[in-house]
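model.txt (compact mmCIF, C-alpha atoms)
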# COMPACT_ATOMS: atom_id res chain seq x y z
CA MET A 1115 28.34 5.45 27.23
CA GLU A 1116 25.25 5.82 25.13
CA THR A 1117 22.06 5.03 27.04
CA ARG A 1118 18.68 4.36 25.52
CA LEU A 1119 15.97 6.87 26.22
CA LYS A 1120 13.11 5.56 28.28
CA ILE A 1121 9.39 6.03 27.75
CA LEU A 1122 6.86 5.26 30.43
CA LEU A 1123 3.49 4.26 29.01
CA VAL A 1124 0.50 4.30 31.36
CA ASP A 1125 -2.88 2.78 30.56
CA ASP A 1126 -5.25 0.57 32.54
CA ASP A 1127 -6.03 -1.57 29.49
CA PRO A 1128 -3.39 -4.31 28.97
CA ALA A 1129 -4.37 -4.67 25.30
CA VAL A 1130 -3.70 -0.97 24.69
CA LEU A 1131 -0.39 -1.20 26.52
CA GLU A 1132 0.66 -4.10 24.35
CA LEU A 1133 -0.44 -2.37 21.15
CA TYR A 1134 1.32 0.90 21.93
CA GLN A 1135 4.42 -0.88 23.10
CA GLU A 1136 4.64 -2.42 19.64
CA LEU A 1137 3.97 0.94 17.97
CA LEU A 1138 6.60 2.77 19.99
CA LYS A 1139 9.21 0.22 19.04
CA LYS A 1140 9.05 1.73 15.55
CA LEU A 1141 10.47 5.04 16.80
CA PRO A 1142 13.83 5.79 15.13
CA SER A 1143 15.53 6.55 18.46
CA GLU A 1144 14.66 3.00 19.61
CA PRO A 1145 13.70 3.95 23.15
CA GLU A 1146 13.15 1.51 25.95
CA ILE A 1147 9.43 1.17 26.67
CA VAL A 1148 8.28 0.56 30.21
CA THR A 1149 4.58 0.08 30.94
CA ALA A 1150 2.41 0.70 33.97
CA SER A 1151 -1.22 -0.31 34.33
CA SER A 1152 -2.14 2.29 36.93
CA GLY A 1153 -1.25 5.80 38.04
CA ALA A 1154 0.14 4.50 41.33
CA ARG A 1155 2.44 2.05 39.55
CA ALA A 1156 3.60 4.84 37.24
CA MET A 1157 4.46 7.06 40.19
CA ALA A 1158 6.46 4.24 41.76
CA LEU A 1159 8.39 3.69 38.52
CA LEU A 1160 9.12 7.40 38.16
CA GLU A 1161 10.52 7.40 41.68
CA SER A 1162 12.84 4.53 40.94
CA GLU A 1163 14.33 5.40 37.52
CA PRO A 1164 14.67 8.35 35.17
CA PHE A 1165 12.42 8.61 32.09
CA ARG A 1166 12.52 11.00 29.17
CA LEU A 1167 8.84 10.79 28.26
CA LEU A 1168 5.58 9.85 29.94
CA ILE A 1169 2.57 8.86 27.85
CA CYS A 1170 -0.53 8.67 29.97
CA ASP A 1171 -4.10 7.66 29.26
CA LEU A 1172 -6.66 9.99 30.82
CA LYS A 1173 -9.45 7.58 31.71
CA MET A 1174 -8.17 5.27 34.39
CA PRO A 1175 -9.73 3.98 37.61
CA LYS A 1176 -8.65 5.28 41.03
CA MET A 1177 -5.98 7.76 39.92
CA ASP A 1178 -6.96 9.19 36.55
CA GLY A 1179 -4.60 10.62 33.95
CA LEU A 1180 -5.15 14.26 34.90
CA GLN A 1181 -4.26 13.43 38.48
CA VAL A 1182 -1.11 11.59 37.38
CA LEU A 1183 -0.08 14.43 35.06
CA SER A 1184 -0.75 17.03 37.72
CA ILE A 1185 1.58 15.29 40.18
CA VAL A 1186 4.18 14.53 37.52
CA ARG A 1187 4.32 18.13 36.28
CA ARG A 1188 4.99 19.26 39.83
CA LYS A 1189 7.47 16.56 40.84
CA TYR A 1190 9.30 16.08 37.55
CA PRO A 1191 9.10 19.36 35.63
CA MET A 1192 11.72 18.27 33.09
CA LEU A 1193 9.87 15.09 32.12
CA ARG A 1194 8.12 15.37 28.75
CA THR A 1195 4.46 14.45 29.04
CA VAL A 1196 1.85 13.29 26.58
CA ALA A 1197 -1.84 12.89 27.40
CA LEU A 1198 -3.41 10.23 25.27
CA THR A 1199 -7.15 9.76 25.22
CA ALA A 1200 -10.15 8.53 23.34
CA VAL A 1201 -12.32 11.19 25.03
CA LEU A 1202 -13.34 13.88 22.57
CA ASP A 1203 -13.92 16.69 25.00
CA GLU A 1204 -12.35 20.12 24.71
CA GLN A 1205 -12.50 20.65 28.47
CA PHE A 1206 -10.01 17.85 29.02
CA ARG A 1207 -7.73 19.15 26.29
CA SER A 1208 -7.73 22.59 27.95
CA ARG A 1209 -7.13 21.13 31.37
CA ALA A 1210 -4.30 18.94 30.16
CA TYR A 1211 -2.58 21.90 28.50
CA ALA A 1212 -3.25 24.03 31.58
CA LEU A 1213 -1.35 21.42 33.57
CA GLY A 1214 1.57 21.95 31.21
CA VAL A 1215 1.58 18.72 29.19
CA ASP A 1216 3.69 18.84 26.04
CA LEU A 1217 1.18 17.07 23.85
CA PHE A 1218 -2.50 16.13 24.00
CA TRP A 1219 -3.41 13.48 21.46
CA HIS A 1220 -6.56 11.60 20.60
CA LYS A 1221 -5.77 7.91 20.28
CA PRO A 1222 -4.80 7.51 16.63
CA THR A 1223 -7.14 5.44 14.53
CA THR A 1224 -5.64 5.57 11.06
CA GLU A 1225 -2.20 4.71 9.71
CA GLN A 1226 -1.62 8.38 8.93
CA GLU A 1227 -2.51 9.46 12.47
CA VAL A 1228 -0.24 6.79 13.91
CA GLN A 1229 2.62 8.09 11.76
CA MET A 1230 2.01 11.68 12.86
CA PHE A 1231 1.79 10.60 16.47
CA LEU A 1232 5.13 8.78 16.22
CA GLU A 1233 6.77 11.80 14.57
CA CYS A 1234 5.61 14.04 17.41
CA LEU A 1235 6.92 11.58 19.99
CA GLU A 1236 10.27 11.36 18.22
CA SER A 1237 10.50 15.14 18.26
CA LEU A 1238 9.72 15.26 21.97
CA LEU A 1239 12.30 12.57 22.67
CA GLY A 1240 14.90 14.55 20.79
CA GLN A 1241 14.51 17.58 23.01
CA GLU A 1242 17.21 17.98 25.60
CA ASN A 1243 16.57 18.13 29.31
CA GLU A 1244 19.53 20.41 29.86
CA ASN A 1245 19.62 24.19 29.76
CA GLY A 1246 18.37 25.63 26.52
CA PHE A 1247 15.40 27.23 24.93
CA ARG A 1248 12.52 25.08 23.82
CA GLY A 1249 12.22 25.17 20.08
CA VAL A 1250 15.95 25.50 19.56
CA GLN A 1251 17.41 22.83 21.78
CA SER A 1252 20.97 22.97 23.08
CA LYS A 1253 21.26 26.58 21.96
CA SER A 1254 21.66 29.38 24.42
CA LEU A 1255 19.89 32.65 23.93
CA MET A 1256 23.28 34.09 23.07
CA ASP A 1257 23.56 31.66 20.14
CA ILE A 1258 20.08 32.57 18.94
CA ILE A 1259 20.79 36.30 18.98
CA GLN A 1260 24.12 35.79 17.30
CA LEU A 1261 22.44 33.80 14.53
CA GLU A 1262 19.83 36.51 14.03
CA CYS A 1263 22.47 39.23 13.87
CA ILE A 1264 24.92 37.39 11.62
CA SER A 1265 22.13 36.74 9.14
CA GLN A 1266 21.30 40.48 9.19
CA SER A 1267 17.72 39.65 10.19
CA SER A 1268 15.07 41.97 11.48
CA SER A 1269 12.83 40.45 14.09
CA LEU A 1270 11.32 40.78 17.49
CA LEU A 1271 12.31 38.00 19.87
CA ARG A 1272 9.79 37.36 22.57
CA ILE A 1273 11.38 35.35 25.35
CA ALA A 1274 9.48 33.82 28.25
CA ASN A 1275 11.17 32.63 31.40
CA GLY A 1276 8.34 31.31 33.55
CA SER A 1277 5.87 34.13 33.77
CA VAL A 1278 8.48 36.80 33.05
CA ILE A 1279 8.44 38.08 29.49
CA GLY A 1280 11.33 39.79 27.75
CA ARG A 1281 11.52 41.30 24.27
CA ILE A 1282 14.55 42.02 22.14
CA TRP A 1283 14.21 44.05 18.95
CA ILE A 1284 16.69 43.28 16.19
CA GLN A 1285 16.88 45.53 13.14
CA GLU A 1286 19.01 44.49 10.17
CA GLY A 1287 21.39 42.51 12.31
CA GLU A 1288 21.71 45.01 15.18
CA VAL A 1289 20.10 44.86 18.59
CA ILE A 1290 18.21 48.15 18.87
CA ASP A 1291 16.08 47.76 21.99
CA ALA A 1292 15.10 45.38 24.77
CA GLU A 1293 12.48 45.34 27.43
CA THR A 1294 11.48 43.20 30.39
CA THR A 1295 9.11 43.62 33.31
CA ASP A 1296 11.04 46.33 35.13
CA PHE A 1297 13.84 47.25 32.77
CA LYS A 1298 14.40 48.76 29.36
CA GLY A 1299 17.29 49.07 26.94
CA GLU A 1300 20.70 47.62 27.71
CA GLU A 1301 19.84 46.72 31.30
CA ALA A 1302 16.88 44.66 30.06
CA PHE A 1303 19.06 42.98 27.42
CA HIS A 1304 21.59 41.81 30.01
CA ARG A 1305 18.83 40.63 32.33
CA ILE A 1306 17.25 38.56 29.60
CA LEU A 1307 20.61 37.10 28.58
CA ALA A 1308 21.12 35.90 32.14
CA TRP A 1309 18.10 33.57 31.84
CA ARG A 1310 19.22 30.02 31.36
CA THR A 1311 16.03 28.44 30.10
CA GLY A 1312 12.74 29.48 28.63
CA THR A 1313 10.83 29.61 25.43
CA PHE A 1314 11.17 32.06 22.63
CA GLU A 1315 9.21 33.15 19.61
CA SER A 1316 10.51 35.07 16.66
CA MET A 1317 7.88 37.63 15.76
CA ALA A 1318 7.40 40.08 12.95
CA PRO A 1319 9.91 42.96 13.04
CA GLU A 1320 8.86 46.39 14.20
CA PRO A 1321 10.83 48.68 11.90
CA HIS A 1322 9.60 51.85 13.61
CA ARG A 1323 10.76 50.80 17.06
CA GLU A 1324 12.78 53.60 18.62
CA ARG A 1325 16.44 52.69 19.04
CA THR A 1326 17.73 52.79 22.62
CA ILE A 1327 20.75 50.50 22.28
CA TYR A 1328 23.66 51.73 20.19
CA LYS A 1329 26.36 49.19 21.03
CA SER A 1330 27.20 46.53 18.48
CA TYR A 1331 25.69 43.11 19.11
CA ASN A 1332 29.19 41.71 19.56
CA ALA A 1333 29.94 44.16 22.36
CA LEU A 1334 26.60 43.44 24.02
CA LEU A 1335 27.06 39.68 23.84
CA LEU A 1336 30.62 39.96 25.11
CA GLU A 1337 29.49 41.99 28.11
CA SER A 1338 26.76 39.48 28.88
CA ALA A 1339 29.15 36.54 28.51
CA GLN A 1340 31.64 38.21 30.85
CA ALA A 1341 28.95 38.90 33.41
CA LEU A 1342 27.78 35.28 33.20
CA ASP A 1343 31.32 34.00 33.64
CA GLU A 1344 31.87 36.24 36.64
CA ALA A 1345 28.63 35.07 38.19
CA LEU A 1346 29.56 31.44 37.63
CA SER A 1347 33.03 31.87 39.05
CA ALA A 1348 31.52 33.61 42.04
CA GLY A 1349 29.40 30.49 42.46
CA THR A 1350 26.09 32.26 42.28
CA GLY A 1351 24.98 31.15 38.86
CA GLN A 1352 22.22 33.67 39.19
CA ASP A 1353 21.01 36.73 37.45
CA THR A 1354 24.15 38.65 36.70
CA THR A 1355 23.04 42.22 36.81
CA SER A 1356 23.72 43.75 40.15
CA ILE A 1357 20.99 43.16 42.66
CA THR A 1358 21.86 44.84 45.86
CA LEU A 1359 18.38 44.91 47.35
CA SER A 1360 16.78 41.81 48.82
CA PRO A 1361 13.74 40.46 46.98
CA LEU A 1362 11.54 41.43 49.95
CA THR A 1363 12.71 45.02 49.77
CA ARG A 1364 12.22 45.13 46.04
CA VAL A 1365 8.68 43.81 46.37
CA VAL A 1366 7.71 46.24 49.11
CA GLN A 1367 8.94 49.08 46.90
CA MET A 1368 6.54 48.09 44.13
CA GLU A 1369 3.61 50.38 43.49
CA GLY A 1370 0.56 49.61 45.62
CA VAL A 1371 2.31 47.19 47.99
CA GLU A 1372 1.71 47.79 51.70
CA PHE A 1373 3.53 44.79 53.07
CA VAL A 1374 5.14 41.55 51.99
CA LEU A 1375 5.70 38.34 53.85
CA ALA A 1376 7.71 35.31 52.72
CA CYS A 1377 7.75 31.96 54.49
CA ASN A 1378 10.45 29.49 53.54
CA ARG A 1379 8.94 26.00 53.62
CA SER A 1380 12.32 24.30 53.36
CA ALA A 1381 13.47 26.19 56.47
CA GLY A 1382 10.54 25.08 58.60
CA GLY A 1383 8.32 27.96 57.53
CA LYS A 1384 10.71 30.67 58.72
CA ALA A 1385 9.03 33.99 57.97
CA GLU A 1386 10.53 37.29 56.89
CA ALA A 1387 8.50 40.41 56.26
CA ARG A 1388 8.62 44.05 55.28
CA GLY A 1389 5.95 46.49 56.36
CA LEU A 1390 4.52 44.20 59.05
CA GLU A 1391 5.14 44.55 62.76
CA ASN A 1392 4.15 41.10 63.89
CA PRO A 1393 4.24 38.70 60.96
CA ASP A 1394 3.98 35.39 62.84
CA ARG A 1395 0.19 35.09 62.87
CA LEU A 1396 -0.14 36.06 59.26
CA ALA A 1397 2.68 33.67 58.35
CA GLY A 1398 0.81 30.76 59.92
CA TRP A 1399 -2.38 31.68 58.12
CA THR A 1400 -0.60 32.14 54.78
CA GLN A 1401 1.03 28.73 54.91
CA GLN A 1402 -2.13 26.96 56.02
CA CYS A 1403 -4.22 28.67 53.40
CA LEU A 1404 -1.87 27.85 50.52
CA GLN A 1405 -1.44 24.27 51.72
CA ARG A 1406 -5.21 23.77 51.99
CA PHE A 1407 -5.89 25.00 48.49
CA ALA A 1408 -2.89 23.22 46.96
CA ASP A 1409 -4.20 19.97 48.46
CA LEU A 1410 -7.68 20.76 47.17
CA SER A 1411 -6.33 20.98 43.65
CA ASP A 1412 -5.14 17.39 43.86
CA LEU A 1413 -8.63 16.30 44.88
CA ILE A 1414 -10.61 18.13 42.21
CA HIS A 1415 -7.91 18.12 39.47
CA ALA A 1416 -8.09 21.85 38.91
CA GLY A 1417 -4.46 22.25 37.88
CA PRO A 1418 -1.71 24.17 39.65
CA LEU A 1419 -2.70 26.78 42.23
CA GLU A 1420 -1.79 30.16 40.76
CA GLN A 1421 -2.78 32.59 43.48
CA VAL A 1422 -5.32 33.27 46.20
CA GLU A 1423 -6.79 36.73 46.62
CA GLY A 1424 -8.47 37.88 49.79
CA SER A 1425 -10.32 41.10 50.42
CA GLY A 1426 -11.86 42.46 53.57
CA PRO A 1427 -12.90 45.71 55.18
CA GLN A 1428 -9.32 46.57 56.10
CA ARG A 1429 -7.06 44.95 53.59
CA GLN A 1430 -6.57 43.22 50.31
CA VAL A 1431 -4.03 40.42 50.17
CA SER A 1432 -2.66 38.02 47.56
CA LEU A 1433 -1.04 34.70 48.30
CA ALA A 1434 1.08 32.60 45.98
CA ARG A 1435 3.73 29.93 46.04
CA GLN A 1436 7.06 30.47 44.36
CA GLY A 1437 9.62 27.73 44.71
CA ASP A 1438 10.08 26.96 48.40
CA PHE A 1439 8.43 30.20 49.45
CA ASP A 1440 4.86 30.99 50.46
CA LEU A 1441 4.29 34.66 49.70
CA CYS A 1442 1.67 37.00 51.09
CA VAL A 1443 1.43 40.55 49.78
CA GLY A 1444 -0.82 43.26 51.21
CA TRP A 1445 -2.17 45.80 48.74
CA LYS A 1446 -3.55 49.31 49.05
CA HIS A 1447 -7.29 49.20 49.38
CA ASP A 1448 -8.12 51.33 46.36
CA LEU A 1449 -6.55 48.94 43.82
CA SER A 1450 -8.81 46.88 41.57
CA SER A 1451 -8.67 43.09 41.78
CA ALA A 1452 -7.53 42.85 38.14
CA HIS A 1453 -4.64 45.21 38.88
CA ILE A 1454 -3.73 43.22 41.99
CA ARG A 1455 -3.81 39.92 40.07
CA ASP A 1456 -1.40 41.26 37.45
CA ALA A 1457 0.82 42.92 40.05
CA MET A 1458 1.00 39.66 42.00
CA LYS A 1459 2.25 37.92 38.86
CA ASN A 1460 5.02 40.50 38.75
CA VAL A 1461 5.82 39.80 42.39
CA THR A 1462 6.18 36.06 41.79
CA ALA A 1463 8.22 36.73 38.65
CA LEU A 1464 10.51 39.05 40.56
CA TRP A 1465 10.84 36.46 43.29
CA ALA A 1466 11.64 33.76 40.73
CA SER A 1467 14.34 35.91 39.16
CA MET B 1047 -24.52 -10.07 24.70
CA GLY B 1048 -26.60 -8.92 27.63
CA LEU B 1049 -25.10 -11.70 29.71
CA LEU B 1050 -21.58 -10.55 28.84
CA ASP B 1051 -22.47 -6.97 29.81
CA PHE B 1052 -23.24 -8.29 33.26
CA PHE B 1053 -19.59 -9.22 33.74
CA ALA B 1054 -18.17 -6.08 32.17
CA LYS B 1055 -16.25 -3.72 34.43
CA PRO B 1056 -17.76 -0.26 34.73
CA ALA B 1057 -15.70 2.10 32.55
CA PRO B 1058 -13.78 4.68 34.56
CA SER B 1059 -14.92 8.21 33.93
CA LEU B 1060 -13.05 11.48 34.15
CA LEU B 1061 -14.14 13.98 36.72
CA ARG B 1062 -15.46 17.11 35.04
CA LEU B 1063 -14.69 20.40 36.71
CA PRO B 1064 -17.66 21.74 38.63
CA SER B 1065 -19.59 24.76 37.49
CA GLY B 1066 -22.24 26.63 39.45
CA SER B 1067 -22.60 27.82 43.00
CA PHE B 1068 -23.56 26.59 46.41
CA THR B 1069 -24.26 28.06 49.82
CA VAL B 1070 -23.09 26.54 53.07
CA ASP B 1071 -23.92 27.44 56.64
CA ARG B 1072 -21.34 27.98 59.36
CA LYS B 1073 -21.23 24.23 60.06
CA GLY B 1074 -20.51 23.41 56.44
CA ALA B 1075 -23.95 22.02 55.59
CA VAL B 1076 -24.93 22.72 52.00
CA LEU B 1077 -28.13 24.79 51.92
CA VAL B 1078 -28.58 25.48 48.21
CA SER B 1079 -26.59 24.23 45.23
CA THR B 1080 -26.64 24.62 41.48
CA VAL B 1081 -23.61 22.39 40.96
CA ALA B 1082 -24.34 19.33 38.79
CA SER B 1083 -25.30 16.31 40.88
CA SER B 1084 -22.64 14.30 39.03
CA PHE B 1085 -19.99 16.23 40.95
CA PRO B 1086 -19.33 14.26 44.16
CA THR B 1087 -20.87 15.71 47.31
CA GLU B 1088 -17.71 14.76 49.17
CA LEU B 1089 -15.72 17.16 47.02
CA ILE B 1090 -18.24 19.96 47.63
CA HIS B 1091 -17.62 19.40 51.32
CA GLN B 1092 -13.87 19.45 50.77
CA ILE B 1093 -14.17 22.83 49.08
CA SER B 1094 -16.54 24.33 51.62
CA SER B 1095 -14.63 23.10 54.68
CA ARG B 1096 -11.41 24.65 53.37
CA VAL B 1097 -13.09 27.91 52.49
CA LEU B 1098 -14.77 28.19 55.91
CA ALA B 1099 -11.52 27.31 57.68
CA VAL B 1100 -9.61 29.97 55.74
CA PHE B 1101 -12.22 32.64 56.57
CA HIS B 1102 -12.17 31.61 60.22
CA ASP B 1103 -8.38 31.49 60.51
CA ALA B 1104 -8.04 34.84 58.73
CA THR B 1105 -10.21 36.45 61.39
CA GLU B 1106 -8.08 34.80 64.08
CA ALA B 1107 -4.98 36.26 62.38
CA GLN B 1108 -6.50 39.77 62.63
CA LEU B 1109 -7.22 39.81 58.91
CA PRO B 1110 -10.99 39.55 58.54
CA LEU B 1111 -11.89 38.76 54.94
CA SER B 1112 -15.23 39.03 53.21
CA GLN B 1113 -14.16 37.37 49.96
CA ILE B 1114 -11.50 34.99 48.75
CA VAL B 1115 -10.76 34.06 45.15
CA ILE B 1116 -8.74 30.92 44.51
CA ASN B 1117 -7.22 30.84 41.05
CA TYR B 1118 -6.21 27.46 39.66
CA SER B 1119 -5.06 27.06 36.11
CA SER B 1120 -8.36 25.35 35.21
CA LEU B 1121 -10.80 26.59 37.80
CA LYS B 1122 -11.67 29.76 39.63
CA ILE B 1123 -13.35 29.52 43.02
CA THR B 1124 -14.89 32.67 44.47
CA ALA B 1125 -16.14 32.50 48.05
CA ARG B 1126 -18.03 35.24 49.87
CA GLU B 1127 -18.43 35.17 53.59
CA LEU B 1128 -22.07 34.94 54.64
CA ARG B 1129 -22.70 35.29 58.37
CA GLY B 1130 -20.25 32.56 59.28
CA GLY B 1131 -21.19 30.48 56.25
CA ALA B 1132 -20.29 31.18 52.64
CA ILE B 1133 -21.57 31.33 49.10
CA VAL B 1134 -19.15 29.69 46.72
CA PHE B 1135 -19.01 30.17 42.96
CA LEU B 1136 -17.17 27.66 40.79
CA SER B 1137 -16.21 28.53 37.24
CA PRO B 1138 -13.98 26.37 35.05
CA ARG B 1139 -11.39 28.25 33.03
CA THR B 1140 -9.87 27.48 29.69
CA PRO B 1141 -6.65 28.93 28.28
CA PHE B 1142 -8.83 31.14 26.09
CA SER B 1143 -11.34 32.37 28.67
CA SER B 1144 -11.39 36.05 29.56
CA THR B 1145 -10.45 35.37 33.17
CA ASN B 1146 -7.11 34.05 31.95
CA LYS B 1147 -6.04 37.30 30.40
CA SER B 1148 -2.62 38.30 31.59
Can you present the structure in this file as structure tokens?
Amino acid sequence: METRLKILLVDDDPAVLELYQELLKKLPSEPEIVTASSGARAMALLESEPFRLLICDLKMPKMDGLQVLSIVRRKYPMLRTVALTAVLDEQFRSRAYALGVDLFWHKPTTEQEVQMFLECLESLLGQENENGFRGVQSKSLMDIIQLECISQSSSLLRIANGSVIGRIWIQEGEVIDAETTDFKGEEAFHRILAWRTGTFESMAPEPHRERTIYKSYNALLLESAQALDEALSAGTGQDTTSITLSPLTRVVQMEGVEFVLACNRSAGGKAEARGLENPDRLAGWTQQCLQRFADLSDLIHAGPLEQVEGSGPQRQVSLARQGDFDLCVGWKHDLSSAHIRDAMKNVTALWAS
Amino acid sequence: MGLLDFFAKPAPSLLRLPSGSFTVDRKGAVLVSTVASSFPTELIHQISSRVLAVFHDATEAQLPLSQIVINYSSLKITARELRGGAIVFLSPRTPFSSTNKS
């Protein structure tokens, strides 16, 4: 059964709601338009029914647009979001994009702007919610590589899965090298192929890149497909390359790490640690600290909490949230804060994978 | 027109991210501040109370800290412990600012 896509339009001005409702009816996909006059009403509607796209004004009383978008990005990561505003201020554009909105648009004033706005919305509506890579919807990474190779292209594919970056070098239709955070060559290629979603960019080829992969692209893709099938039939659906070590062990083996602690919020804060004798106190502090600053973000609209760094006479620690886990990593004292910040990103990426 | 203005609703405004610094004592009272007065005092208190609590609880957890840096996607808060109180620096970030380099 074919169902109409739904757009939720949020603005405190009834005249604007009416006007945009009329405008959005012109969209070729003929979506159903639902309106809400406040952030609270929008949240209630999102709870009750699924939407494909949220268009939200920024300036609203009580709960403003940034607050709404901040909550929505966290609660409904697959929902496409558009910030619409009459405020010409670059700070708000930056903050909206930092929150992860798909589109920031000044309220159109001319016929041409309206047309462009509608085209962008139509494009956003057309993007699938399912697995796939943004930019080439409904195509797996395998399809993308196959297309590149069949057309005998030379390119560098830069693939991002969350904060993890992978690169695959293709030279005249052959995969010649791959690289990700901790792996190179074939191992990296298979790791990247195991990612189900992400974004990718096709960049200029690097013809002088040293070749480390000598298998044909068909053989490589076949191996990856087999590994994916095996993983699915085993019911894991996870990264297919063999991971025998627990994430905690892998983190504690990283350079500069003294200890690591992970608290599972969905299991009542149950803590596991490596390199710590008595993790309970630190676990309590970690969870409280991350909760305090995550709550603070909602109050001051500062965007998602990325990480907290603490330094003292004895230790340097980093805290971050990844999925259901609150992580605390202790670092050697001689490391610079910039190094620690980058290394912590690797820790969260490793945890996410 | 002036009469109509009287009935007009005040336009909602967006909260700008704070920039500047402030110092609080151990009880959370703000001693000195360079943060714009348009930024609500209540939110300054929300920041300082959390920062002081985190410093205090860290000491209780046998992890005394002299500095914490809280990185949000749009704001960086740096807090240094100051004899039970703290000095707190607030700096908004943009996707292009140097602090966002990965």
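Near Val1374 in chain A, within a cut-off of 8 Å and counting all atoms listed in the file, sit the residues A:Leu1362, A:Val1365, A:Val1366, A:Val1371, A:Ala1387, A:Arg1388, A:Gly1389, A:Leu1390, A:Leu1441, A:Cys1442, A:Val1443, A:Gly1444, with same-chain residues fewer than 3 positions away left out.
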Set the cut-off to 8 Å and count all atoms listed in the file: what are the residues of chain B that reach chain A? Output as a PyMOL selection string.
chain B and resi 1058-1061+1063+1089+1092-1093+1096+1100+1103-1104+1107+1109-1121+1140-1141+1148
Taking C-alpha atoms for each residue, export the selection above as a PDB file, in the coordinates of the input.
ATOM      1  CA  PRO B1058     -13.780   4.680  34.560  1.00  0.00           C
ATOM      2  CA  SER B1059     -14.920   8.210  33.930  1.00  0.00           C
ATOM      3  CA  LEU B1060     -13.050  11.480  34.150  1.00  0.00           C
ATOM      4  CA  LEU B1061     -14.140  13.980  36.720  1.00  0.00           C
ATOM      5  CA  LEU B1063     -14.690  20.400  36.710  1.00  0.00           C
ATOM      6  CA  LEU B1089     -15.720  17.160  47.020  1.00  0.00           C
ATOM      7  CA  GLN B1092     -13.870  19.450  50.770  1.00  0.00           C
ATOM      8  CA  ILE B1093     -14.170  22.830  49.080  1.00  0.00           C
ATOM      9  CA  ARG B1096     -11.410  24.650  53.370  1.00  0.00           C
ATOM     10  CA  VAL B1100      -9.610  29.970  55.740  1.00  0.00           C
ATOM     11  CA  ASP B1103      -8.380  31.490  60.510  1.00  0.00           C
ATOM     12  CA  ALA B1104      -8.040  34.840  58.730  1.00  0.00           C
ATOM     13  CA  ALA B1107      -4.980  36.260  62.380  1.00  0.00           C
ATOM     14  CA  LEU B1109      -7.220  39.810  58.910  1.00  0.00           C
ATOM     15  CA  PRO B1110     -10.990  39.550  58.540  1.00  0.00           C
ATOM     16  CA  LEU B1111     -11.890  38.760  54.940  1.00  0.00           C
ATOM     17  CA  SER B1112     -15.230  39.030  53.210  1.00  0.00           C
ATOM     18  CA  GLN B1113     -14.160  37.370  49.960  1.00  0.00           C
ATOM     19  CA  ILE B1114     -11.500  34.990  48.750  1.00  0.00           C
ATOM     20  CA  VAL B1115     -10.760  34.060  45.150  1.00  0.00           C
ATOM     21  CA  ILE B1116      -8.740  30.920  44.510  1.00  0.00           C
ATOM     22  CA  ASN B1117      -7.220  30.840  41.050  1.00  0.00           C
ATOM     23  CA  TYR B1118      -6.210  27.460  39.660  1.00  0.00           C
ATOM     24  CA  SER B1119      -5.060  27.060  36.110  1.00  0.00           C
ATOM     25  CA  SER B1120      -8.360  25.350  35.210  1.00  0.00           C
ATOM     26  CA  LEU B1121     -10.800  26.590  37.800  1.00  0.00           C
ATOM     27  CA  THR B1140      -9.870  27.480  29.690  1.00  0.00           C
ATOM     28  CA  PRO B1141      -6.650  28.930  28.280  1.00  0.00           C
ATOM     29  CA  SER B1148      -2.620  38.300  31.590  1.00  0.00           C
TER      30      SER B1148
END
Check your understanding: Got a sec: who's within 8 Å of His1091 in chain B, counting all atoms listed in the file, leaving out chain neighbours fewer than 4 positions off, as an MDAnalysis selection string?
Key -> chainID B and resid 1074 1087 1095
- Task: Take the point (-22.5, 25.4, 59.0) in the file's coordinates, draw a sphere of radius 10 Å around it, and report as a ChimeraX atom specification every protein, DNA or RNA residue with an atom inside or on it, counting all atoms listed in the file.
- Result: /B:1069-1077,1094-1095,1098,1129-1132
Computed gap from CA of His1102 in chain B to CA of Phe1135 in chain B is 18.6 Å
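Across the structure, CA of Glu1127 in chain B and CA of Phe1068 in chain B are spaced 12.3 Å apart.
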B:Ser1079, B:Thr1124, B:Gln1108, B:Ser1137: which is nearest Pro1064 in chain B, counting all atoms listed in the file?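 The answer is B:Ser1137, which sits nearest to Pro1064 in chain B.
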From CA of Gly1280 in chain A to CA of Glu1293 in chain A the spacing works out at 5.7 Å
Could you give me the axis-aligned bounding box of range 1301-1304 of chain A, with 8 Å of padding per side, as centre plus edge lengths in Å to one decimal, as JSON?
{"center_x": 19.2, "center_y": 44.3, "center_z": 29.4, "size_x": 20.7, "size_y": 20.9, "size_z": 19.9}
For Tyr1331 in chain A, the nearest of the candidates A:Gly1382, A:Gly1287, A:Gly1370, A:Gly1240, counting only C-alpha atoms:
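That would be A:Gly1287, the residue with the smallest distance to Tyr1331 in chain A.
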### Query
Given the choices A:Leu1122, A:Leu1232, A:Ile1306, A:Val1130, which gets closest to Val1186 in chain A if the distance is worked out from only C-alpha atoms?
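The closest residue to Val1186 in chain A is A:Leu1122.
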